[in-house]
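Let me begin by presenting the structure, written as structure tokens, before commenting on it.
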Amino acid sequence: METGRTLMDVVKERCEHCSGRSLSICNAIDDEDLPALVAESSRISVPSGRSFIEEGAPAHDFYVLTSGRAKLFNLMPDGRRQIVGFAELGDFLGLAASETYAFTAEALGDATLCRFPHSSIDRLIERFPRLRCRLQEEASSELVSLQARLMLLGRKTAKERLASFLVEQARPCCRVGGEAGAERPLTLSLPMSRTDIADYLGLTIETVSRTFGHFKKEGLITVKGASSVTLLSFKELSNIANGVR
């Protein structure tokens with residue numbers, strides 16, 4: 001901690017205006033207990049394109065994404081890459097790791113994270129039992145996501161895969177806006193490249209581009225530049241994703 005700065009100064013700086021506070025494991029900690037949370041963690045800034053988790057490296061830390069996005073991927077021995085997920089604001093990374101990390105995490109745009117050593121999480125769980133329940137929720141959510149991904153790659157068509165991806169990316173907006181958020185046009189920032197999307201969906205970039213074109217012609221989306229997509233009919237895209245259209 002910098003000379004002259006108190007723990008409460010750091011709490012105000014890191015937690016008071018943190019967008020991920022209400023979404024992350026930190027919401028299991030009451031405001032008056034935030035100094036204990038801050039004392040057990042550190043904040044790191046990661047520039048765009050830089051990795052902060054390396055597949056196969058010793059898994060000493062957990063991370064909470066407090067701003068920005070990240071892509072998670074595995075590399076095969078021959079250099080081929082498989083993107084296994086995109087981390088959002090508030091996501092907790094490293095929970096499933098045992099001795100080594102199972103994936104690489106790379107910032108999509110500049111990102112900030114709170115880093116918790118394993119020993120710190122153990123102490124926090126002992127002091128705040130609600131945190132254990134929150135971590136169990138995270139583990140359950142990871143399992144549900146894995147099952148959905150197996151369905152996406154194993155059974156869905158190209159249209160269903162891309163619609164599933166767009167619906168998945170829209171969920172944070174719907175979570176904030178409720179049903180009304182899903183009924184109005186939703187503009188999504190997609191910092192990942194079309195190649196990243198194709199890799200994630202197990203499709204070619206040509207198929208992804210062609211399917212985006214189909215959705216535009218059907219009046220389901222509009223596209224502005226390479227990183228902004230507006231969903232004009234969340235319900236119809238959800239129906240396509242679920243195979244009912």
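Labeling convention for the structure tokens: chains A, B, ... as they appear, residues from 1 per chain, ligands from 1 in order of appearance.
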
(request) Based on DSSP run over this structure's backbone, return all residues of chain A in strand (DSSP E or B), as a PyMOL selection string. (result) chain A and resi 42-46+51-53+58+61-75+81-87+92-93+100+104-117+186-189+221-224+228-231

Restricting the output to C-alpha atoms, write the selected residues as a PDB file, in the first residue's frame.
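See part-v2.pdb below for the written result:
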ATOM      1  CA  SER A  42      -4.795  -6.889  -5.111  1.00  0.00           C
ATOM      2  CA  ARG A  43      -5.904  -5.060  -8.227  1.00  0.00           C
ATOM      3  CA  ILE A  44      -4.155  -5.596 -11.547  1.00  0.00           C
ATOM      4  CA  SER A  45      -4.524  -3.860 -14.905  1.00  0.00           C
ATOM      5  CA  VAL A  46      -4.099  -5.921 -18.068  1.00  0.00           C
ATOM      6  CA  SER A  51      -2.648 -12.908 -20.953  1.00  0.00           C
ATOM      7  CA  PHE A  52      -3.135 -12.966 -17.191  1.00  0.00           C
ATOM      8  CA  ILE A  53      -3.736 -16.722 -16.858  1.00  0.00           C
ATOM      9  CA  PRO A  58       0.675 -23.253 -11.382  1.00  0.00           C
ATOM     10  CA  ASP A  61      -4.614 -17.258  -7.707  1.00  0.00           C
ATOM     11  CA  PHE A  62      -8.277 -16.610  -8.460  1.00  0.00           C
ATOM     12  CA  TYR A  63      -9.430 -13.563 -10.432  1.00  0.00           C
ATOM     13  CA  VAL A  64     -12.570 -11.416 -10.526  1.00  0.00           C
ATOM     14  CA  LEU A  65     -13.059  -9.371 -13.704  1.00  0.00           C
ATOM     15  CA  THR A  66     -13.964  -5.836 -12.588  1.00  0.00           C
ATOM     16  CA  SER A  67     -13.839  -4.096 -15.975  1.00  0.00           C
ATOM     17  CA  GLY A  68     -13.397  -5.165 -19.574  1.00  0.00           C
ATOM     18  CA  ARG A  69     -13.717  -8.627 -21.116  1.00  0.00           C
ATOM     19  CA  ALA A  70     -11.478 -11.645 -21.673  1.00  0.00           C
ATOM     20  CA  LYS A  71     -11.334 -14.672 -23.929  1.00  0.00           C
ATOM     21  CA  LEU A  72     -10.515 -18.101 -22.554  1.00  0.00           C
ATOM     22  CA  PHE A  73      -8.833 -20.658 -24.776  1.00  0.00           C
ATOM     23  CA  ASN A  74      -6.806 -23.851 -25.032  1.00  0.00           C
ATOM     24  CA  LEU A  75      -3.908 -24.527 -27.407  1.00  0.00           C
ATOM     25  CA  ARG A  81      -6.594 -22.861 -30.739  1.00  0.00           C
ATOM     26  CA  GLN A  82     -10.028 -23.547 -29.249  1.00  0.00           C
ATOM     27  CA  ILE A  83     -11.834 -20.709 -27.524  1.00  0.00           C
ATOM     28  CA  VAL A  84     -13.805 -22.150 -24.619  1.00  0.00           C
ATOM     29  CA  GLY A  85     -15.480 -19.003 -23.353  1.00  0.00           C
ATOM     30  CA  PHE A  86     -15.661 -15.243 -23.014  1.00  0.00           C
ATOM     31  CA  ALA A  87     -15.429 -13.793 -19.502  1.00  0.00           C
ATOM     32  CA  PHE A  92     -14.786 -15.428 -11.206  1.00  0.00           C
ATOM     33  CA  LEU A  93     -11.913 -17.209 -12.958  1.00  0.00           C
ATOM     34  CA  THR A 100      -2.525 -25.897 -12.818  1.00  0.00           C
ATOM     35  CA  THR A 104      -5.322 -19.271 -20.982  1.00  0.00           C
ATOM     36  CA  ALA A 105      -7.164 -15.993 -20.326  1.00  0.00           C
ATOM     37  CA  GLU A 106      -6.381 -12.979 -22.510  1.00  0.00           C
ATOM     38  CA  ALA A 107      -7.804  -9.459 -22.181  1.00  0.00           C
ATOM     39  CA  LEU A 108     -10.164  -8.264 -24.920  1.00  0.00           C
ATOM     40  CA  GLY A 109      -9.461  -4.576 -24.670  1.00  0.00           C
ATOM     41  CA  ASP A 110      -7.968  -3.156 -21.490  1.00  0.00           C
ATOM     42  CA  ALA A 111      -9.174  -4.973 -18.379  1.00  0.00           C
ATOM     43  CA  THR A 112      -8.867  -4.723 -14.609  1.00  0.00           C
ATOM     44  CA  LEU A 113      -9.122  -7.600 -12.168  1.00  0.00           C
ATOM     45  CA  CYS A 114      -9.014  -8.306  -8.470  1.00  0.00           C
ATOM     46  CA  ARG A 115      -6.572 -11.117  -7.705  1.00  0.00           C
ATOM     47  CA  PHE A 116      -7.070 -13.416  -4.706  1.00  0.00           C
ATOM     48  CA  PRO A 117      -4.408 -15.942  -3.674  1.00  0.00           C
ATOM     49  CA  LEU A 186     -30.295  -4.394 -27.388  1.00  0.00           C
ATOM     50  CA  THR A 187     -26.965  -3.043 -28.623  1.00  0.00           C
ATOM     51  CA  LEU A 188     -24.065  -5.319 -27.768  1.00  0.00           C
ATOM     52  CA  SER A 189     -20.375  -4.509 -27.767  1.00  0.00           C
ATOM     53  CA  ILE A 221     -30.044  -7.670 -36.105  1.00  0.00           C
ATOM     54  CA  THR A 222     -28.225  -4.623 -37.380  1.00  0.00           C
ATOM     55  CA  VAL A 223     -24.431  -4.432 -37.472  1.00  0.00           C
ATOM     56  CA  LYS A 224     -22.344  -1.298 -37.021  1.00  0.00           C
ATOM     57  CA  SER A 228     -21.300  -3.516 -32.412  1.00  0.00           C
ATOM     58  CA  VAL A 229     -24.446  -5.578 -33.029  1.00  0.00           C
ATOM     59  CA  THR A 230     -28.012  -4.539 -32.176  1.00  0.00           C
ATOM     60  CA  LEU A 231     -30.503  -7.330 -31.505  1.00  0.00           C
TER      61      LEU A 231
END

With only C-alpha atoms counted and 7 Å as the cut-off, give the residues of range 80-145 of chain A in contact with range 24-38 of chain A, each with its shortest interatomic distance in Å and the pair that gives it, as JSON lines.
{"residue": "A:Gly90", "atom": "CA", "partner": "A:Ser24", "partner_atom": "CA", "distance": 4.3}
{"residue": "A:Asp91", "atom": "CA", "partner": "A:Ser24", "partner_atom": "CA", "distance": 6.1}
{"residue": "A:Phe92", "atom": "CA", "partner": "A:Ser24", "partner_atom": "CA", "distance": 6.8}
{"residue": "A:Arg130", "atom": "CA", "partner": "A:Ala28", "partner_atom": "CA", "distance": 5.9}
{"residue": "A:Leu131", "atom": "CA", "partner": "A:Ala28", "partner_atom": "CA", "distance": 5.4}
{"residue": "A:Arg134", "atom": "CA", "partner": "A:Ile25", "partner_atom": "CA", "distance": 6.0}
{"residue": "A:Leu135", "atom": "CA", "partner": "A:Ile25", "partner_atom": "CA", "distance": 6.9}

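Across A:Ser41, A:Gln147, A:Ser164, A:Ser22, the tightest approach to Lys235 in chain A is made by A:Ser164 when counting only C-alpha atoms.
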
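Those residues that approach Gly56 in chain A to within 8 Å, counting only C-alpha atoms, are Thr100, Tyr101, Ala102 and Phe103 of chain A; same-chain residues fewer than 6 positions away are not listed.
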
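Excluding Ala226 in chain A itself and any same-chain residue fewer than 4 positions from it, the protein and nucleic acid residues within 10 Å of it, counting only C-alpha atoms, are A:Ser189, A:Leu190, A:Pro191, A:Met192, A:Ser193, A:Arg194.
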
How about saving the chosen residues, N, CA and C atoms kept, as a short mmCIF file (atom, residue, chain, number, x, y, z; two decimals), in the first residue's frame?
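Once everything was written out, this is selection.cif:
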data_model
loop_
_atom_site.label_atom_id
_atom_site.label_comp_id
_atom_site.auth_asym_id
_atom_site.auth_seq_id
_atom_site.Cartn_x
_atom_site.Cartn_y
_atom_site.Cartn_z
N SER A 189 -21.76 -4.72 -27.39
CA SER A 189 -20.37 -4.51 -27.77
C SER A 189 -19.71 -5.87 -27.84
N LEU A 190 -19.18 -6.20 -29.01
CA LEU A 190 -18.52 -7.49 -29.22
C LEU A 190 -17.05 -7.24 -29.53
N PRO A 191 -16.21 -7.15 -28.50
CA PRO A 191 -14.80 -6.84 -28.72
C PRO A 191 -14.02 -7.98 -29.36
N MET A 192 -14.59 -9.18 -29.35
CA MET A 192 -13.91 -10.31 -29.96
C MET A 192 -14.03 -10.24 -31.48
N SER A 193 -13.04 -10.77 -32.18
CA SER A 193 -13.06 -10.75 -33.65
C SER A 193 -14.00 -11.81 -34.19
N ARG A 194 -14.33 -11.71 -35.48
CA ARG A 194 -15.16 -12.75 -36.11
C ARG A 194 -14.43 -14.09 -36.07
#

(message) as a ChimeraX atom specification, please: every residue in range 66-163 of chain A that DSSP puts in alpha helix (DSSP H).
(response) /A:118-127,129-155,158-163

I need the chosen residues saved as a PDB file, in the first residue's frame, with C-alpha atoms.
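Below is the file part_21.pdb, written as the result:
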ATOM      1  CA  HIS A 118      -5.895 -19.333  -2.754  1.00  0.00           C
ATOM      2  CA  SER A 119      -4.889 -18.813   0.877  1.00  0.00           C
ATOM      3  CA  SER A 120      -6.807 -15.517   0.922  1.00  0.00           C
ATOM      4  CA  ILE A 121     -10.011 -17.148  -0.292  1.00  0.00           C
ATOM      5  CA  ASP A 122      -9.646 -19.832   2.390  1.00  0.00           C
ATOM      6  CA  ARG A 123      -9.386 -17.167   5.086  1.00  0.00           C
ATOM      7  CA  LEU A 124     -12.343 -15.209   3.679  1.00  0.00           C
ATOM      8  CA  ILE A 125     -14.529 -18.326   3.558  1.00  0.00           C
ATOM      9  CA  GLU A 126     -13.700 -19.068   7.174  1.00  0.00           C
ATOM     10  CA  ARG A 127     -14.608 -15.519   8.199  1.00  0.00           C
ATOM     11  CA  PRO A 129     -19.626 -18.357   5.522  1.00  0.00           C
ATOM     12  CA  ARG A 130     -21.911 -16.777   2.908  1.00  0.00           C
ATOM     13  CA  LEU A 131     -18.939 -16.659   0.582  1.00  0.00           C
ATOM     14  CA  ARG A 132     -18.785 -20.474   0.497  1.00  0.00           C
ATOM     15  CA  CYS A 133     -22.380 -20.587  -0.758  1.00  0.00           C
ATOM     16  CA  ARG A 134     -21.553 -17.951  -3.370  1.00  0.00           C
ATOM     17  CA  LEU A 135     -18.595 -19.992  -4.625  1.00  0.00           C
ATOM     18  CA  GLN A 136     -20.821 -23.079  -4.811  1.00  0.00           C
ATOM     19  CA  GLU A 137     -23.197 -21.067  -7.000  1.00  0.00           C
ATOM     20  CA  GLU A 138     -20.261 -20.175  -9.255  1.00  0.00           C
ATOM     21  CA  ALA A 139     -19.265 -23.835  -9.549  1.00  0.00           C
ATOM     22  CA  SER A 140     -22.849 -24.806 -10.403  1.00  0.00           C
ATOM     23  CA  SER A 141     -23.017 -22.060 -13.031  1.00  0.00           C
ATOM     24  CA  GLU A 142     -19.777 -23.335 -14.619  1.00  0.00           C
ATOM     25  CA  LEU A 143     -21.309 -26.826 -14.881  1.00  0.00           C
ATOM     26  CA  VAL A 144     -24.470 -25.484 -16.528  1.00  0.00           C
ATOM     27  CA  SER A 145     -22.354 -23.481 -18.996  1.00  0.00           C
ATOM     28  CA  LEU A 146     -20.312 -26.571 -19.842  1.00  0.00           C
ATOM     29  CA  GLN A 147     -23.461 -28.596 -20.521  1.00  0.00           C
ATOM     30  CA  ALA A 148     -24.844 -25.824 -22.752  1.00  0.00           C
ATOM     31  CA  ARG A 149     -21.569 -25.669 -24.666  1.00  0.00           C
ATOM     32  CA  LEU A 150     -21.601 -29.431 -25.278  1.00  0.00           C
ATOM     33  CA  MET A 151     -25.101 -29.065 -26.734  1.00  0.00           C
ATOM     34  CA  LEU A 152     -24.031 -26.091 -28.859  1.00  0.00           C
ATOM     35  CA  LEU A 153     -21.049 -27.873 -30.415  1.00  0.00           C
ATOM     36  CA  GLY A 154     -22.633 -31.298 -30.659  1.00  0.00           C
ATOM     37  CA  ARG A 155     -26.156 -30.755 -31.962  1.00  0.00           C
ATOM     38  CA  ALA A 158     -24.798 -22.772 -37.661  1.00  0.00           C
ATOM     39  CA  LYS A 159     -27.826 -20.470 -37.240  1.00  0.00           C
ATOM     40  CA  GLU A 160     -28.617 -21.967 -33.855  1.00  0.00           C
ATOM     41  CA  ARG A 161     -25.002 -21.593 -32.731  1.00  0.00           C
ATOM     42  CA  LEU A 162     -24.708 -17.929 -33.698  1.00  0.00           C
ATOM     43  CA  ALA A 163     -28.136 -17.133 -32.225  1.00  0.00           C
TER      44      ALA A 163
END

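Distances from A:Thr211, A:Val167, A:Leu203, A:Leu220 to Ser238 in chain A were compared using only C-alpha atoms, and the smallest one belongs to A:Val167.
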